[in-house]
Amino acid sequence: MSDAPMSDALMSDALMSDALMSDALMSDAPMSDAPMSDAPMSNEPRFDELIHAPTRLSIVALLAAADWADFTSVRDSLSLSDSALSKQISILEQAGYVTVRKTGAGRSRRTHLRLSPSGRRAFTAHAAALRQIIADADALAP
C-alpha cells in the first residue's frame, strides 16, 4: 500500500466532533470495548485464526495505523468491493475487534471504522506470533 491512500483513510479527531458522535448518529454497534472473543489481554504472541484470514489481516493492519478510517478509503486502499469489505467488517465487529460509526444522513451518510482496544491487542499479539514463527524458522535454517 502506498502512503497516499493511507493518509486519505486517516481521520483527525477534529472530524469526529461531539456533534458527529451524538446518540442520534451512532450505529447500533455495541458500545463496550470488552473483548467478545478470546483475544489475549497481554501482548504475548498469540496466533489468531480470525485475524489471520488475508482480507481481515489487511483490514486490521490498515486500521491499526489509524485512529478512525473512512469505509470508502479502506475499501479503495485494499481494492475490495463494498460487499466484501462489509462482510469482513461485520465479522470483525461481532468479534469485538472493530468499532463502526455512521455519521450524517441521506446521501452524506458516512461509515467510519476503528480498531477497538481488544482488536488492537489481538492484532499486536498475532503480529508477535507471526514474528516468532519467522524467528523460529530462521533459527532452524542451516
# chains A, B, ... in the order shown; residues from 1 in each chain; ligands from 1
call {"tool": "closest_atom_pairs", "arguments": {"of": "segment 41-99 of chain A", "to": "segment 123-132 of chain A", "cutoff": "9 Å", "atoms": "only C-alpha atoms", "output": "JSON lines"}}
result
{"residue": "A:Ser42", "atom": "CA", "partner": "A:Ala125", "partner_atom": "CA", "distance": 7.6}
{"residue": "A:Asn43", "atom": "CA", "partner": "A:Ala125", "partner_atom": "CA", "distance": 5.1}
{"residue": "A:Glu44", "atom": "CA", "partner": "A:Ala125", "partner_atom": "CA", "distance": 5.6}
{"residue": "A:Pro45", "atom": "CA", "partner": "A:Ala129", "partner_atom": "CA", "distance": 4.2}
{"residue": "A:Arg46", "atom": "CA", "partner": "A:Ala125", "partner_atom": "CA", "distance": 5.0}
{"residue": "A:Phe47", "atom": "CA", "partner": "A:His126", "partner_atom": "CA", "distance": 4.8}
{"residue": "A:Asp48", "atom": "CA", "partner": "A:His126", "partner_atom": "CA", "distance": 5.7}
{"residue": "A:Glu49", "atom": "CA", "partner": "A:His126", "partner_atom": "CA", "distance": 8.9}
{"residue": "A:Ile51", "atom": "CA", "partner": "A:Phe123", "partner_atom": "CA", "distance": 7.2}
{"residue": "A:His52", "atom": "CA", "partner": "A:His126", "partner_atom": "CA", "distance": 7.9}
{"residue": "A:Leu57", "atom": "CA", "partner": "A:Phe123", "partner_atom": "CA", "distance": 8.3}
{"residue": "A:Val60", "atom": "CA", "partner": "A:Phe123", "partner_atom": "CA", "distance": 7.0}
{"residue": "A:Ala61", "atom": "CA", "partner": "A:Phe123", "partner_atom": "CA", "distance": 7.6}
{"residue": "A:Ala64", "atom": "CA", "partner": "A:Phe123", "partner_atom": "CA", "distance": 7.9}
{"residue": "A:Tyr97", "atom": "CA", "partner": "A:Phe123", "partner_atom": "CA", "distance": 8.9}
call {"tool": "write_last_selection", "arguments": {"atoms": "C-alpha atoms", "output": "PDB file, in the first residue's frame"}}
result
ATOM      1  CA  SER A  42      -1.407  -9.032  27.092  1.00  0.00           C
ATOM      2  CA  ASN A  43       0.957  -8.538  24.180  1.00  0.00           C
ATOM      3  CA  GLU A  44       2.298 -12.089  24.341  1.00  0.00           C
ATOM      4  CA  PRO A  45       2.494 -13.803  20.941  1.00  0.00           C
ATOM      5  CA  ARG A  46      -0.812 -15.475  20.108  1.00  0.00           C
ATOM      6  CA  PHE A  47      -1.898 -16.694  16.680  1.00  0.00           C
ATOM      7  CA  ASP A  48      -5.451 -15.504  15.945  1.00  0.00           C
ATOM      8  CA  GLU A  49      -7.328 -17.524  13.310  1.00  0.00           C
ATOM      9  CA  ILE A  51      -7.465 -12.098  12.113  1.00  0.00           C
ATOM     10  CA  HIS A  52      -5.183 -14.336  10.034  1.00  0.00           C
ATOM     11  CA  LEU A  57      -5.442  -9.206   8.294  1.00  0.00           C
ATOM     12  CA  VAL A  60      -6.853  -4.848  10.771  1.00  0.00           C
ATOM     13  CA  ALA A  61      -3.334  -3.799   9.765  1.00  0.00           C
ATOM     14  CA  ALA A  64      -4.031  -0.332  13.400  1.00  0.00           C
ATOM     15  CA  TYR A  97     -12.266  -6.155  17.137  1.00  0.00           C
TER      16      TYR A  97
END
call {"tool": "atom_distance", "arguments": {"atom1": "atom CA of Arg56 of chain A", "atom2": "atom CA of Gln88 of chain A"}}
result
6.2 Å
call {"tool": "closest_residue", "arguments": {"among": "A:Arg75, A:Trp68, A:Arg120, A:Ala84", "to": "Arg101 of chain A", "atoms": "only C-alpha atoms"}}
result
A:Trp68
call {"tool": "atom_distance", "arguments": {"atom1": "atom CA of Leu50 of chain A", "atom2": "atom CA of Asp138 of chain A"}}
result
25.7 Å
call {"tool": "closest_residue", "arguments": {"among": "A:Thr72, A:Ser86, A:Gln94, A:Ser81", "to": "Arg109 of chain A", "atoms": "only C-alpha atoms"}}
result
A:Thr72
